[in-house]
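Take a look at the structure set out below.
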There are 2 protein chains.
Amino acid sequence: MLAICLSKDHLTSKAIQENKAFSVNFPDRALAVKADYCGLKSGKEVDKSNIFNIFYGKEHQSPLIEECPLSASCKLTEVIQVAGDLLIIGEVVEAFSDEGYLNQGEPDVKKMDLLIFTMPDNKYWSLGDYIGQAFEIGKSMSSDEE
Amino acid sequence: MLAICLSKDHLTSKAIQENKAFSVNFPDRALAVKADYCGLKSGKEVDKSNIFNIFYGKEHQSPLIEECPLSASCKLTEVIQVAGDLLIIGEVVEAFSDEGYLNQGEPDVKKMDLLIFTMPDNKYWSLGDYIGQAFEIGKSMSSDEE
């Protein structure tokens, strides 16, 4: 499952509700300018369909972006209005990534070098240092140390 | 607004639904081991209430963690069952951070050095390099370059 939050008035929000499907494409550092351009311009003003190379999954519902290290094709399951925005929940039907971004068949987030977006400063960042293994590093702490 | 996803069976999920309130505390690198310990141990087994120094906001509903660079006190607005888990949506009533983590009154995510958690590899990371300003860097691309 995957949840995204979108403004009600975006063309994308309307298209998702009509098609009952959507894709989520995770851009990397090299795609930052193009991804930001897509955020700046509405599909109402410009045709953004030729900025990236697109392909389709088996559902053939929503276009996926070839250049993105990770893409997910989703089936819409629920739309919830949250404070004027829409929380769009979907089930991941298929996920796509090149072999080069995987580590023993699992996504390697460091190799993918995906953009991280923070608000309200509206900045793009990369993923930083590896800090530790979750559900492991806490074992060094015993109940006595609480 | 803020949404978190929790397992239905966690003690936390039950407490949030009873109290109609919850807090979200964002740990930094220095708190990684303690935060992970809290993820490893259930409140059913050990008392985790004395691991951190706690304080309360004006609602006095859910404890907040003093050591965390950023904490938010939330009022529960909606609980949605999503594939066996609960999507818990809340309204941020108050947010807390020390002056040292702010930049002209706004959260400075780089100063906060918060943990980033990835799945399914279950790893903790720091925030990396600044890549660019959102809603700005895309302006360098004209419609001709599409």
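Naming works like this for the structure tokens: A, B, ... for the chains as they're shown, residue 1 at the start of each chain, ligands 1 onward in shown order.
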Would you list which chain A residues are within 8 Å of chain B using only C-alpha atoms, as number ranges by chain?
A: 1, 29, 32-40, 46, 48, 50-51, 82-83, 106-109, 118, 120-141, 143, 146
Given identical sequences, can you show me chain B least-squares superposed on chain A via all its Cα atoms in order, as a compact mmCIF listing (two decimals) with N, CA and C atoms, in the first residue's frame?
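Dumped to out_7.txt:
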# COMPACT_ATOMS: atom_id res chain seq x y z
N MET B 1 0.88 -1.19 0.02
CA MET B 1 0.02 0.00 0.00
C MET B 1 0.89 1.25 -0.01
N LEU B 2 0.33 2.30 -0.50
CA LEU B 2 1.08 3.54 -0.65
C LEU B 2 0.08 4.69 -0.56
N ALA B 3 0.42 5.74 0.17
CA ALA B 3 -0.47 6.89 0.28
C ALA B 3 0.25 8.15 -0.18
N ILE B 4 -0.44 8.98 -0.94
CA ILE B 4 0.12 10.26 -1.36
C ILE B 4 -0.90 11.35 -1.04
N CYS B 5 -0.43 12.55 -0.84
CA CYS B 5 -1.31 13.65 -0.52
C CYS B 5 -1.24 14.68 -1.65
N LEU B 6 -2.38 15.03 -2.21
CA LEU B 6 -2.41 15.94 -3.36
C LEU B 6 -3.46 17.02 -3.15
N SER B 7 -3.24 18.17 -3.75
CA SER B 7 -4.25 19.21 -3.71
C SER B 7 -5.46 18.75 -4.54
N LYS B 8 -6.64 19.05 -4.02
CA LYS B 8 -7.90 18.67 -4.68
C LYS B 8 -8.01 19.19 -6.10
N ASP B 9 -7.44 20.39 -6.32
CA ASP B 9 -7.65 21.09 -7.59
C ASP B 9 -6.68 20.68 -8.69
N HIS B 10 -5.66 19.88 -8.34
CA HIS B 10 -4.69 19.48 -9.35
C HIS B 10 -5.34 18.58 -10.40
N LEU B 11 -4.86 18.75 -11.61
CA LEU B 11 -5.33 17.91 -12.72
C LEU B 11 -5.07 16.44 -12.39
N THR B 12 -3.93 16.17 -11.76
CA THR B 12 -3.54 14.81 -11.38
C THR B 12 -4.60 14.17 -10.47
N SER B 13 -5.10 14.94 -9.50
CA SER B 13 -6.10 14.39 -8.56
C SER B 13 -7.36 13.96 -9.30
N LYS B 14 -7.75 14.78 -10.26
CA LYS B 14 -8.95 14.45 -11.04
C LYS B 14 -8.71 13.21 -11.90
N ALA B 15 -7.54 13.15 -12.53
CA ALA B 15 -7.21 12.02 -13.40
C ALA B 15 -7.17 10.71 -12.60
N ILE B 16 -6.61 10.76 -11.40
CA ILE B 16 -6.51 9.54 -10.57
C ILE B 16 -7.91 9.03 -10.21
N GLN B 17 -8.79 9.95 -9.88
CA GLN B 17 -10.14 9.55 -9.48
C GLN B 17 -10.94 9.02 -10.67
N GLU B 18 -10.66 9.54 -11.85
CA GLU B 18 -11.34 9.05 -13.05
C GLU B 18 -10.84 7.66 -13.45
N ASN B 19 -9.50 7.52 -13.43
CA ASN B 19 -8.89 6.27 -13.91
C ASN B 19 -8.82 5.16 -12.87
N LYS B 20 -9.02 5.54 -11.60
CA LYS B 20 -8.91 4.57 -10.49
C LYS B 20 -7.53 3.92 -10.47
N ALA B 21 -6.56 4.63 -10.96
CA ALA B 21 -5.18 4.12 -11.00
C ALA B 21 -4.21 5.29 -11.04
N PHE B 22 -2.98 5.05 -10.59
CA PHE B 22 -1.94 6.08 -10.69
C PHE B 22 -0.57 5.43 -10.60
N SER B 23 0.46 6.18 -10.98
CA SER B 23 1.81 5.66 -10.81
C SER B 23 2.59 6.64 -9.94
N VAL B 24 3.54 6.11 -9.19
CA VAL B 24 4.44 6.96 -8.40
C VAL B 24 5.85 6.69 -8.90
N ASN B 25 6.50 7.76 -9.35
CA ASN B 25 7.83 7.64 -9.94
C ASN B 25 8.82 8.43 -9.10
N PHE B 26 9.85 7.78 -8.62
CA PHE B 26 10.81 8.40 -7.69
C PHE B 26 12.03 8.90 -8.45
N PRO B 27 12.18 10.21 -8.61
CA PRO B 27 13.31 10.74 -9.37
C PRO B 27 14.60 10.77 -8.54
N ASP B 28 15.73 10.67 -9.21
CA ASP B 28 17.02 10.77 -8.53
C ASP B 28 17.62 12.16 -8.75
N ARG B 29 18.82 12.35 -8.22
CA ARG B 29 19.51 13.63 -8.29
C ARG B 29 19.60 14.17 -9.72
N ALA B 30 19.91 13.29 -10.66
CA ALA B 30 20.09 13.71 -12.04
C ALA B 30 18.80 14.25 -12.66
N LEU B 31 17.66 13.88 -12.09
CA LEU B 31 16.36 14.30 -12.66
C LEU B 31 15.76 15.49 -11.90
N ALA B 32 16.52 16.09 -10.97
CA ALA B 32 15.97 17.13 -10.09
C ALA B 32 15.35 18.30 -10.87
N VAL B 33 16.05 18.80 -11.87
CA VAL B 33 15.55 19.96 -12.61
C VAL B 33 14.25 19.60 -13.36
N LYS B 34 14.26 18.47 -14.03
CA LYS B 34 13.05 18.04 -14.77
C LYS B 34 11.87 17.79 -13.83
N ALA B 35 12.15 17.14 -12.69
CA ALA B 35 11.08 16.86 -11.72
C ALA B 35 10.52 18.17 -11.18
N ASP B 36 11.40 19.12 -10.90
CA ASP B 36 10.95 20.40 -10.37
C ASP B 36 10.13 21.16 -11.40
N TYR B 37 10.55 21.08 -12.64
CA TYR B 37 9.78 21.72 -13.72
C TYR B 37 8.36 21.16 -13.74
N CYS B 38 8.22 19.86 -13.56
CA CYS B 38 6.88 19.24 -13.53
C CYS B 38 6.06 19.74 -12.35
N GLY B 39 6.74 20.10 -11.25
CA GLY B 39 6.04 20.63 -10.09
C GLY B 39 5.64 22.09 -10.28
N LEU B 40 6.38 22.79 -11.14
CA LEU B 40 6.12 24.22 -11.38
C LEU B 40 4.99 24.45 -12.36
N LYS B 41 4.89 23.57 -13.33
CA LYS B 41 3.94 23.77 -14.42
C LYS B 41 2.77 22.81 -14.32
N SER B 42 1.58 23.33 -14.49
CA SER B 42 0.40 22.48 -14.48
C SER B 42 0.17 21.91 -15.87
N GLY B 43 -0.41 20.72 -15.90
CA GLY B 43 -0.79 20.11 -17.17
C GLY B 43 -1.86 20.92 -17.89
N LYS B 44 -2.44 21.89 -17.16
CA LYS B 44 -3.42 22.77 -17.80
C LYS B 44 -2.72 23.76 -18.73
N GLU B 45 -1.43 24.08 -18.41
CA GLU B 45 -0.68 25.07 -19.20
C GLU B 45 0.20 24.44 -20.27
N VAL B 46 0.94 23.39 -19.86
CA VAL B 46 1.89 22.79 -20.79
C VAL B 46 1.70 21.27 -20.87
N ASP B 47 2.10 20.72 -21.99
CA ASP B 47 2.04 19.27 -22.18
C ASP B 47 3.33 18.67 -21.61
N LYS B 48 3.21 17.95 -20.50
CA LYS B 48 4.41 17.40 -19.85
C LYS B 48 4.66 15.94 -20.24
N SER B 49 3.88 15.45 -21.19
CA SER B 49 3.94 14.02 -21.51
C SER B 49 5.21 13.61 -22.25
N ASN B 50 5.96 14.60 -22.79
CA ASN B 50 7.17 14.24 -23.54
C ASN B 50 8.47 14.64 -22.84
N ILE B 51 8.39 14.96 -21.55
CA ILE B 51 9.60 15.34 -20.79
C ILE B 51 10.43 14.09 -20.48
N PHE B 52 9.73 13.00 -20.17
CA PHE B 52 10.41 11.74 -19.84
C PHE B 52 10.00 10.67 -20.85
N ASN B 53 10.80 9.62 -20.91
CA ASN B 53 10.40 8.44 -21.70
C ASN B 53 9.44 7.63 -20.84
N ILE B 54 8.30 7.28 -21.39
CA ILE B 54 7.33 6.56 -20.58
C ILE B 54 7.11 5.12 -21.06
N PHE B 55 6.63 4.30 -20.13
CA PHE B 55 6.27 2.92 -20.46
C PHE B 55 5.05 2.54 -19.62
N TYR B 56 4.46 1.41 -19.93
CA TYR B 56 3.28 0.97 -19.20
C TYR B 56 3.48 -0.41 -18.58
N GLY B 57 2.84 -0.64 -17.46
CA GLY B 57 2.86 -1.96 -16.84
C GLY B 57 1.73 -2.82 -17.38
N LYS B 58 1.50 -3.95 -16.76
CA LYS B 58 0.51 -4.89 -17.28
C LYS B 58 -0.92 -4.35 -17.21
N GLU B 59 -1.18 -3.43 -16.26
CA GLU B 59 -2.52 -2.86 -16.13
C GLU B 59 -2.79 -1.83 -17.24
N HIS B 60 -1.69 -1.31 -17.81
CA HIS B 60 -1.76 -0.33 -18.89
C HIS B 60 -2.67 0.86 -18.55
N GLN B 61 -2.59 1.33 -17.32
CA GLN B 61 -3.46 2.43 -16.88
C GLN B 61 -2.72 3.76 -16.81
N SER B 62 -1.65 3.79 -16.03
CA SER B 62 -0.94 5.06 -15.87
C SER B 62 0.49 4.93 -16.37
N PRO B 63 0.97 5.98 -17.03
CA PRO B 63 2.33 5.95 -17.58
C PRO B 63 3.38 5.93 -16.47
N LEU B 64 4.45 5.19 -16.69
CA LEU B 64 5.57 5.12 -15.74
C LEU B 64 6.79 5.75 -16.42
N ILE B 65 7.72 6.25 -15.62
CA ILE B 65 8.88 6.98 -16.15
C ILE B 65 10.12 6.09 -16.18
N GLU B 66 10.63 5.89 -17.39
CA GLU B 66 11.79 5.03 -17.62
C GLU B 66 13.03 5.48 -16.86
N GLU B 67 13.27 6.80 -16.81
CA GLU B 67 14.49 7.35 -16.21
C GLU B 67 14.52 7.23 -14.69
N CYS B 68 13.38 7.01 -14.06
CA CYS B 68 13.35 6.96 -12.59
C CYS B 68 13.89 5.62 -12.08
N PRO B 69 14.75 5.64 -11.06
CA PRO B 69 15.31 4.39 -10.52
C PRO B 69 14.23 3.47 -9.94
N LEU B 70 13.09 4.06 -9.54
CA LEU B 70 12.03 3.26 -8.93
C LEU B 70 10.68 3.83 -9.34
N SER B 71 9.80 2.95 -9.81
CA SER B 71 8.45 3.37 -10.20
C SER B 71 7.46 2.33 -9.72
N ALA B 72 6.29 2.81 -9.32
CA ALA B 72 5.26 1.89 -8.84
C ALA B 72 3.94 2.17 -9.55
N SER B 73 3.31 1.12 -10.02
CA SER B 73 2.01 1.20 -10.68
C SER B 73 0.96 0.81 -9.64
N CYS B 74 0.01 1.71 -9.38
CA CYS B 74 -0.93 1.50 -8.27
C CYS B 74 -2.39 1.51 -8.72
N LYS B 75 -3.17 0.73 -7.98
CA LYS B 75 -4.63 0.69 -8.17
C LYS B 75 -5.23 1.51 -7.04
N LEU B 76 -6.08 2.46 -7.37
CA LEU B 76 -6.69 3.32 -6.35
C LEU B 76 -7.59 2.51 -5.43
N THR B 77 -7.41 2.65 -4.13
CA THR B 77 -8.30 1.94 -3.20
C THR B 77 -9.18 2.88 -2.40
N GLU B 78 -8.66 4.08 -2.08
CA GLU B 78 -9.44 4.99 -1.25
C GLU B 78 -8.99 6.44 -1.45
N VAL B 79 -9.94 7.36 -1.37
CA VAL B 79 -9.63 8.79 -1.40
C VAL B 79 -10.28 9.43 -0.19
N ILE B 80 -9.47 10.10 0.62
CA ILE B 80 -9.99 10.72 1.85
C ILE B 80 -9.68 12.21 1.83
N GLN B 81 -10.68 13.01 2.10
CA GLN B 81 -10.43 14.45 2.15
C GLN B 81 -9.83 14.80 3.52
N VAL B 82 -8.66 15.43 3.49
CA VAL B 82 -7.97 15.81 4.72
C VAL B 82 -7.61 17.28 4.63
N ALA B 83 -8.35 18.10 5.36
CA ALA B 83 -8.05 19.54 5.42
C ALA B 83 -7.87 20.18 4.05
N GLY B 84 -8.78 19.93 3.14
CA GLY B 84 -8.74 20.57 1.83
C GLY B 84 -7.90 19.84 0.80
N ASP B 85 -7.04 18.93 1.27
CA ASP B 85 -6.25 18.12 0.35
C ASP B 85 -6.86 16.72 0.25
N LEU B 86 -6.35 15.95 -0.70
CA LEU B 86 -6.82 14.58 -0.82
C LEU B 86 -5.71 13.61 -0.43
N LEU B 87 -6.03 12.68 0.44
CA LEU B 87 -5.11 11.59 0.76
C LEU B 87 -5.53 10.43 -0.14
N ILE B 88 -4.65 10.08 -1.05
CA ILE B 88 -4.96 9.07 -2.06
C ILE B 88 -4.22 7.79 -1.72
N ILE B 89 -4.97 6.73 -1.47
CA ILE B 89 -4.36 5.47 -1.04
C ILE B 89 -4.48 4.45 -2.16
N GLY B 90 -3.40 3.77 -2.43
CA GLY B 90 -3.43 2.79 -3.51
C GLY B 90 -2.68 1.53 -3.15
N GLU B 91 -2.98 0.49 -3.89
CA GLU B 91 -2.28 -0.78 -3.73
C GLU B 91 -1.24 -0.87 -4.85
N VAL B 92 0.01 -1.18 -4.49
CA VAL B 92 1.05 -1.31 -5.50
C VAL B 92 0.82 -2.61 -6.27
N VAL B 93 0.55 -2.48 -7.57
CA VAL B 93 0.27 -3.65 -8.41
C VAL B 93 1.58 -4.21 -8.97
N GLU B 94 2.45 -3.29 -9.40
CA GLU B 94 3.77 -3.67 -9.95
C GLU B 94 4.78 -2.60 -9.56
N ALA B 95 6.01 -2.98 -9.33
CA ALA B 95 7.08 -2.02 -9.08
C ALA B 95 8.22 -2.30 -10.06
N PHE B 96 8.87 -1.24 -10.53
CA PHE B 96 9.90 -1.36 -11.56
C PHE B 96 11.20 -0.70 -11.14
N SER B 97 12.30 -1.40 -11.37
CA SER B 97 13.62 -0.84 -11.10
C SER B 97 14.63 -1.61 -11.94
N ASP B 98 15.73 -0.96 -12.32
CA ASP B 98 16.76 -1.67 -13.06
C ASP B 98 17.60 -2.50 -12.09
N GLU B 99 18.13 -3.60 -12.58
CA GLU B 99 19.00 -4.50 -11.79
C GLU B 99 20.09 -3.73 -11.03
N GLY B 100 20.63 -2.72 -11.70
CA GLY B 100 21.74 -1.95 -11.13
C GLY B 100 21.39 -1.23 -9.83
N TYR B 101 20.09 -1.06 -9.56
CA TYR B 101 19.66 -0.37 -8.33
C TYR B 101 19.30 -1.36 -7.22
N LEU B 102 19.47 -2.63 -7.52
CA LEU B 102 19.10 -3.64 -6.53
C LEU B 102 20.34 -4.24 -5.86
N ASN B 103 20.10 -4.81 -4.71
CA ASN B 103 21.14 -5.51 -3.97
C ASN B 103 20.51 -6.84 -3.55
N GLN B 104 20.96 -7.92 -4.17
CA GLN B 104 20.36 -9.24 -3.94
C GLN B 104 18.82 -9.21 -4.10
N GLY B 105 18.38 -8.53 -5.15
CA GLY B 105 16.95 -8.50 -5.48
C GLY B 105 16.13 -7.49 -4.70
N GLU B 106 16.75 -6.82 -3.72
CA GLU B 106 16.03 -5.82 -2.91
C GLU B 106 16.46 -4.42 -3.32
N PRO B 107 15.54 -3.44 -3.23
CA PRO B 107 15.92 -2.06 -3.56
C PRO B 107 17.10 -1.59 -2.71
N ASP B 108 18.09 -0.97 -3.33
CA ASP B 108 19.22 -0.40 -2.60
C ASP B 108 19.06 1.12 -2.67
N VAL B 109 18.56 1.70 -1.60
CA VAL B 109 18.21 3.14 -1.62
C VAL B 109 19.41 4.03 -1.84
N LYS B 110 20.59 3.56 -1.47
CA LYS B 110 21.80 4.37 -1.65
C LYS B 110 22.18 4.42 -3.13
N LYS B 111 22.07 3.28 -3.80
CA LYS B 111 22.36 3.25 -5.24
C LYS B 111 21.35 4.09 -6.02
N MET B 112 20.12 4.11 -5.55
CA MET B 112 19.06 4.83 -6.27
C MET B 112 19.24 6.34 -6.20
N ASP B 113 19.85 6.84 -5.13
CA ASP B 113 20.15 8.27 -4.97
C ASP B 113 18.90 9.14 -5.20
N LEU B 114 17.78 8.73 -4.61
CA LEU B 114 16.50 9.42 -4.81
C LEU B 114 16.47 10.79 -4.14
N LEU B 115 15.69 11.68 -4.69
CA LEU B 115 15.50 13.01 -4.09
C LEU B 115 14.65 12.87 -2.82
N ILE B 116 15.05 13.63 -1.80
CA ILE B 116 14.24 13.75 -0.58
C ILE B 116 13.76 15.20 -0.56
N PHE B 117 12.48 15.38 -0.34
CA PHE B 117 11.90 16.72 -0.38
C PHE B 117 11.45 17.11 1.02
N THR B 118 11.87 18.27 1.50
CA THR B 118 11.44 18.74 2.82
C THR B 118 10.57 19.98 2.69
N MET B 119 9.65 20.10 3.62
CA MET B 119 8.79 21.28 3.71
C MET B 119 8.86 21.78 5.15
N PRO B 120 8.62 23.04 5.47
CA PRO B 120 8.19 24.11 4.55
C PRO B 120 9.34 24.82 3.85
N ASP B 121 10.58 24.33 3.96
CA ASP B 121 11.70 25.03 3.31
C ASP B 121 11.79 24.70 1.82
N ASN B 122 10.98 23.72 1.37
CA ASN B 122 10.94 23.36 -0.06
C ASN B 122 12.32 23.09 -0.65
N LYS B 123 13.04 22.15 -0.03
CA LYS B 123 14.38 21.83 -0.52
C LYS B 123 14.48 20.37 -0.93
N TYR B 124 15.35 20.13 -1.91
CA TYR B 124 15.67 18.76 -2.31
C TYR B 124 17.01 18.38 -1.70
N TRP B 125 17.09 17.14 -1.20
CA TRP B 125 18.30 16.62 -0.57
C TRP B 125 18.57 15.22 -1.10
N SER B 126 19.79 14.77 -0.86
CA SER B 126 20.10 13.36 -1.13
C SER B 126 20.05 12.61 0.19
N LEU B 127 20.12 11.28 0.10
CA LEU B 127 20.22 10.46 1.30
C LEU B 127 21.67 10.52 1.79
N GLY B 128 21.87 10.63 3.09
CA GLY B 128 23.21 10.80 3.64
C GLY B 128 23.86 9.52 4.13
N ASP B 129 24.56 9.62 5.24
CA ASP B 129 25.32 8.49 5.82
C ASP B 129 24.40 7.39 6.34
N TYR B 130 24.91 6.18 6.25
CA TYR B 130 24.24 5.04 6.90
C TYR B 130 24.52 5.14 8.39
N ILE B 131 23.48 5.08 9.19
CA ILE B 131 23.66 5.23 10.64
C ILE B 131 23.60 3.89 11.37
N GLY B 132 22.72 3.01 10.93
CA GLY B 132 22.66 1.72 11.60
C GLY B 132 21.48 0.89 11.16
N GLN B 133 21.48 -0.35 11.59
CA GLN B 133 20.45 -1.30 11.21
C GLN B 133 19.29 -1.23 12.21
N ALA B 134 18.10 -0.98 11.71
CA ALA B 134 16.93 -0.92 12.59
C ALA B 134 16.61 -2.31 13.13
N PHE B 135 16.03 -2.35 14.29
CA PHE B 135 15.70 -3.58 15.01
C PHE B 135 16.95 -4.39 15.35
N GLU B 136 18.09 -3.74 15.36
CA GLU B 136 19.37 -4.37 15.70
C GLU B 136 20.16 -3.52 16.70
N ILE B 137 20.40 -2.25 16.32
CA ILE B 137 21.30 -1.43 17.15
C ILE B 137 20.75 -1.22 18.55
N GLY B 138 19.43 -1.30 18.71
CA GLY B 138 18.83 -1.12 20.03
C GLY B 138 19.07 -2.29 20.96
N LYS B 139 19.51 -3.42 20.38
CA LYS B 139 19.76 -4.62 21.20
C LYS B 139 20.92 -4.42 22.16
N SER B 140 21.79 -3.44 21.82
CA SER B 140 22.94 -3.17 22.69
C SER B 140 22.52 -2.52 24.01
N MET B 141 21.26 -2.10 24.06
CA MET B 141 20.76 -1.44 25.26
C MET B 141 19.96 -2.46 26.06
N SER B 142 20.32 -2.63 27.29
CA SER B 142 19.57 -3.59 28.11
C SER B 142 18.48 -2.85 28.88
N SER B 143 17.55 -3.59 29.45
CA SER B 143 16.43 -2.98 30.19
C SER B 143 16.96 -2.16 31.38
N ASP B 144 18.18 -2.53 31.88
CA ASP B 144 18.77 -1.83 33.04
C ASP B 144 19.11 -0.39 32.72
N GLU B 145 19.40 -0.13 31.43
CA GLU B 145 19.87 1.21 31.04
C GLU B 145 18.74 2.20 30.83
N GLU B 146 17.51 1.71 30.94
CA GLU B 146 16.37 2.59 30.65
C GLU B 146 16.42 3.84 31.49
Every residue of range 17-71 of chain B that DSSP places in strand (DSSP E or B), as number ranges by chain:
B: 21-26, 28, 54-55, 64-65, 70-71
Residue subset to file, keeping N, CA, C and O atoms, as a CSV table (one decimal), in the first residue's frame:
chain,number,residue,atom,x,y,z
B,21,ALA,N,-5.6,11.3,21.0
B,21,ALA,CA,-4.5,12.2,20.9
B,21,ALA,C,-3.2,11.4,20.8
B,21,ALA,O,-3.2,10.2,21.2
B,22,PHE,N,-2.2,12.0,20.2
B,22,PHE,CA,-0.9,11.3,20.1
B,22,PHE,C,0.2,12.3,19.9
B,22,PHE,O,-0.1,13.5,19.5
B,23,SER,N,1.5,12.0,20.1
B,23,SER,CA,2.6,12.8,19.8
B,23,SER,C,3.5,12.1,18.8
B,23,SER,O,3.6,10.9,18.8
B,24,VAL,N,4.1,12.9,18.0
B,24,VAL,CA,5.2,12.4,17.1
B,24,VAL,C,6.5,13.0,17.4
B,24,VAL,O,6.6,14.3,17.4
B,25,ASN,N,7.5,12.2,17.8
B,25,ASN,CA,8.8,12.8,18.2
B,25,ASN,C,9.8,12.3,17.2
B,25,ASN,O,10.0,11.1,17.0
B,26,PHE,N,10.6,13.2,16.6
B,26,PHE,CA,11.5,12.9,15.6
B,26,PHE,C,12.9,12.8,16.2
B,26,PHE,O,13.5,13.8,16.6
B,28,ASP,N,17.1,12.2,16.5
B,28,ASP,CA,18.2,12.5,15.7
B,28,ASP,C,19.2,11.4,15.8
B,28,ASP,O,19.0,10.4,16.5
B,54,ILE,N,10.4,13.5,29.5
B,54,ILE,CA,9.2,13.8,28.8
B,54,ILE,C,8.6,15.1,29.4
B,54,ILE,O,8.9,15.6,30.5
B,55,PHE,N,7.8,15.8,28.5
B,55,PHE,CA,7.1,17.0,28.9
B,55,PHE,C,5.7,17.0,28.2
B,55,PHE,O,5.5,16.1,27.4
B,64,LEU,N,5.6,14.2,25.3
B,64,LEU,CA,6.5,14.6,24.3
B,64,LEU,C,8.0,14.4,24.8
B,64,LEU,O,8.2,14.4,26.0
B,65,ILE,N,8.9,14.2,23.9
B,65,ILE,CA,10.3,13.8,24.3
B,65,ILE,C,11.2,15.0,24.2
B,65,ILE,O,11.4,15.6,23.1
B,70,LEU,N,12.6,17.7,17.2
B,70,LEU,CA,11.3,18.2,16.8
B,70,LEU,C,10.2,17.2,17.3
B,70,LEU,O,10.4,16.0,17.2
B,71,SER,N,9.2,17.8,17.9
B,71,SER,CA,8.1,17.0,18.5
B,71,SER,C,6.8,17.7,18.1
B,71,SER,O,6.7,18.9,18.1
